[in-house]
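Asker: Starting off with a structure, shown below.
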Amino acid sequence: MTDPEHEGNPPQIERPYRPPSGEAFAERTAALSFLLAGAAGLGLGAVYWRGGQPQLEGLLLAVGFASLAYGLVTWGNRLMPTGPFVEERHSFGDFTQEQLFEEDLERAGAITRRRLLLRTLMLAAGGLGVAAIFPIRSLGPKPGRSLIVTPWRRGLRLVTDDGRPVRAADVPLGGLVTVFPEGYPGSADGQAVLVRTQPGVNIPLPGREDWAPDGYIVYSKVCTHAGCPVGLYEAASHQLLCPCHQSTFDVLHGANPVFGPAAARLPQLPIEISADGFLVARGDFSAPVGPAFWRRS
């Protein structure tokens, strides 16, 4: 028997959702734009990694962002619903669960066809994101231990800025000499001040009893406040002065700051007098040199 309700009507065949031709073209155009943006980002990363070429990098960067912008604008203007939107009111009995389910199925095609755009957009963002990570390479090599060690090593003689070794007998009582590690004259972090005081007046910190033989004391010349050179010495009060901000350090008490903004001691260099009368380092400074705001005093 035939159903009188459908008698004479041809059977209906379910067909997959096909967007209008103009909408399909916009979808393909946006996807290609996202693909181009991702390729430009990866190309920019490759060019930068191989040494860089400013003109080519600028071109790839412009293509990447322009393609990304074009794809997003196309998506927003051509593929997103446009208003005005009106929500019609219906009585409670007009819509059944079956009708709502059928409408959801009809909208499925419009939802799933956006997967291509989402995937290509993620590719574009990934390519440009990878390119954005590469400039970290321009920050330079890892500092390693260079912030906490200096060229000073055990056995290196103290030399002047012209590389001449310093003999203990040549330093006058109450005098100050700027010294560097042998082989590193002019070193920024290795520069130090050598002060000669009367033997026995120095009050060393615990563990440093033999760091200043016969009254020869060496401290870092880099101020612990802002890194200025500590180059002034007042022999009467045994104080080192930084001329930048007037930080003052007590030579006889481990270069403890007694005036000014500096809050940390000057690092001390352990030395000894060699058999031939030259001043020789016994190791590195007692602490990292320079401003102390990034380290403990």
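Ligands are numbered from 1 in the order shown, chains are lettered A, B, ... in the order of the structure tokens, and residues start at 1 in each chain.
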Quick one: DSSP strand (DSSP E) residues in range 30-270 of chain A, as a PyMOL selection string?
Answerer: chain A and resi 158-159+176-181+192-196+216-220+232-234+239-241+248-250+256-259
Asker: The selected residues should be written to file as an mmCIF file, in the first residue's frame (atoms: C-alpha atoms).
Answerer:
```
data_model
loop_
_atom_site.group_PDB
_atom_site.id
_atom_site.type_symbol
_atom_site.label_atom_id
_atom_site.label_comp_id
_atom_site.auth_asym_id
_atom_site.auth_seq_id
_atom_site.Cartn_x
_atom_site.Cartn_y
_atom_site.Cartn_z
ATOM 1 C CA LEU A 158 99.104 42.063 39.626
ATOM 2 C CA VAL A 159 99.933 44.369 36.695
ATOM 3 C CA LEU A 176 96.918 53.481 45.803
ATOM 4 C CA VAL A 177 97.567 51.658 42.528
ATOM 5 C CA THR A 178 95.000 50.440 40.007
ATOM 6 C CA VAL A 179 95.885 46.863 39.084
ATOM 7 C CA PHE A 180 94.658 44.166 36.708
ATOM 8 C CA PRO A 181 95.206 40.417 36.359
ATOM 9 C CA ALA A 192 91.119 46.472 41.358
ATOM 10 C CA VAL A 193 92.706 48.960 43.745
ATOM 11 C CA LEU A 194 95.850 48.076 45.665
ATOM 12 C CA VAL A 195 96.332 49.960 48.931
ATOM 13 C CA ARG A 196 99.359 49.752 51.210
ATOM 14 C CA TYR A 216 98.956 45.219 51.084
ATOM 15 C CA ILE A 217 95.186 45.103 50.542
ATOM 16 C CA VAL A 218 93.351 44.706 47.226
ATOM 17 C CA TYR A 219 89.657 45.389 46.577
ATOM 18 C CA SER A 220 87.545 45.518 43.436
ATOM 19 C CA LEU A 232 90.014 57.958 45.524
ATOM 20 C CA TYR A 233 91.840 57.012 48.720
ATOM 21 C CA GLU A 234 92.204 59.022 51.919
ATOM 22 C CA GLN A 239 88.789 55.133 53.315
ATOM 23 C CA LEU A 240 88.106 54.516 49.638
ATOM 24 C CA LEU A 241 85.729 56.952 47.934
ATOM 25 C CA THR A 248 82.750 55.520 51.141
ATOM 26 C CA PHE A 249 84.348 52.210 52.153
ATOM 27 C CA ASP A 250 86.473 51.398 55.215
ATOM 28 C CA ASN A 256 82.560 47.968 54.640
ATOM 29 C CA PRO A 257 80.429 50.906 53.374
ATOM 30 C CA VAL A 258 80.355 53.709 55.931
ATOM 31 C CA PHE A 259 78.775 56.506 53.906
#
```
Asker: Quick one: distance from CA of Asn202 in chain A to CA of Gly260 in chain A in Å, one decimal?
Answerer: 22.3 Å
Asker: If we count only C-alpha atoms, what is near range 34-42 of chain A at a cut-off of 10 Å, once residues fewer than 2 positions away on the same chain are taken out, given as JSON, numbers by chain?
Answerer: {"A": [28, 29, 30, 31, 32, 44, 45, 46, 47, 48, 57, 59, 60, 61, 62, 63, 64, 65, 66, 67, 68, 69, 70, 71, 72, 117, 118, 119, 120, 121, 122, 123, 124, 125, 126, 127, 128, 129, 130, 131, 132]}
Asker: Which residue gives the smallest distance to Tyr184 in chain A among A:Gly200, A:Gly207, A:Pro151, A:Gly283, with only C-alpha atoms counted?
Answerer: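 Closest candidate: A:Pro151.
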Asker: From the DSSP assignment of the backbone, select every residue of range 118-216 of chain A that is helix (DSSP H, G or I), and format the answer as a PyMOL selection string.
Answerer: chain A and resi 118-139+168-170+213-215
Asker: Just write the chosen residues, C-alpha atoms, as a PDB file, in the first residue's frame.
Answerer:
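After the write, result-v4.pdb holds the following:
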```pdb
ATOM      1  CA  LEU A 118      40.327  27.228  11.564  1.00  0.00           C
ATOM      2  CA  ARG A 119      43.119  24.837  10.622  1.00  0.00           C
ATOM      3  CA  THR A 120      44.724  27.229   8.144  1.00  0.00           C
ATOM      4  CA  LEU A 121      44.390  30.070  10.664  1.00  0.00           C
ATOM      5  CA  MET A 122      46.214  27.961  13.239  1.00  0.00           C
ATOM      6  CA  LEU A 123      48.924  27.263  10.654  1.00  0.00           C
ATOM      7  CA  ALA A 124      49.301  30.994   9.968  1.00  0.00           C
ATOM      8  CA  ALA A 125      49.511  31.814  13.673  1.00  0.00           C
ATOM      9  CA  GLY A 126      52.017  28.988  14.199  1.00  0.00           C
ATOM     10  CA  GLY A 127      54.256  30.125  11.346  1.00  0.00           C
ATOM     11  CA  LEU A 128      54.299  33.738  12.479  1.00  0.00           C
ATOM     12  CA  GLY A 129      54.736  32.613  16.075  1.00  0.00           C
ATOM     13  CA  VAL A 130      57.801  30.558  15.198  1.00  0.00           C
ATOM     14  CA  ALA A 131      59.255  33.551  13.359  1.00  0.00           C
ATOM     15  CA  ALA A 132      58.646  35.720  16.427  1.00  0.00           C
ATOM     16  CA  ILE A 133      60.649  33.328  18.617  1.00  0.00           C
ATOM     17  CA  PHE A 134      63.789  33.452  16.482  1.00  0.00           C
ATOM     18  CA  PRO A 135      64.860  37.020  17.493  1.00  0.00           C
ATOM     19  CA  ILE A 136      65.629  35.595  20.939  1.00  0.00           C
ATOM     20  CA  ARG A 137      68.804  34.393  19.229  1.00  0.00           C
ATOM     21  CA  SER A 138      69.844  38.053  18.835  1.00  0.00           C
ATOM     22  CA  LEU A 139      70.058  38.477  22.603  1.00  0.00           C
ATOM     23  CA  ALA A 168     105.584  45.161  46.496  1.00  0.00           C
ATOM     24  CA  ALA A 169     108.529  47.419  47.272  1.00  0.00           C
ATOM     25  CA  ASP A 170     107.439  49.887  44.566  1.00  0.00           C
ATOM     26  CA  PRO A 213     100.265  40.308  53.679  1.00  0.00           C
ATOM     27  CA  ASP A 214     102.371  43.122  55.176  1.00  0.00           C
ATOM     28  CA  GLY A 215      99.520  45.626  54.856  1.00  0.00           C
TER      29      GLY A 215
END
```
Asker: Using only C-alpha atoms, which of A:Gly277, A:Gly190, A:Gly51, A:Gly43 sits nearest Val166 in chain A?
Answerer: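 Ranking A:Gly277, A:Gly190, A:Gly51, A:Gly43 by distance to Val166 in chain A, first place goes to A:Gly277.
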Asker: If I take CA of Pro243 in chain A and CA of Cys223 in chain A, how far is one from the other in Å, to one decimal?
Answerer: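 That distance, rounded to one decimal, is 9.9 Å.
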Asker: Of the residues A:Gly76, A:Gly183, A:Pro165, A:Gly231, which is the one nearest to Leu279 in chain A, using only C-alpha atoms?
Answerer: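 Of all the options, A:Pro165 lies closest to Leu279 in chain A.
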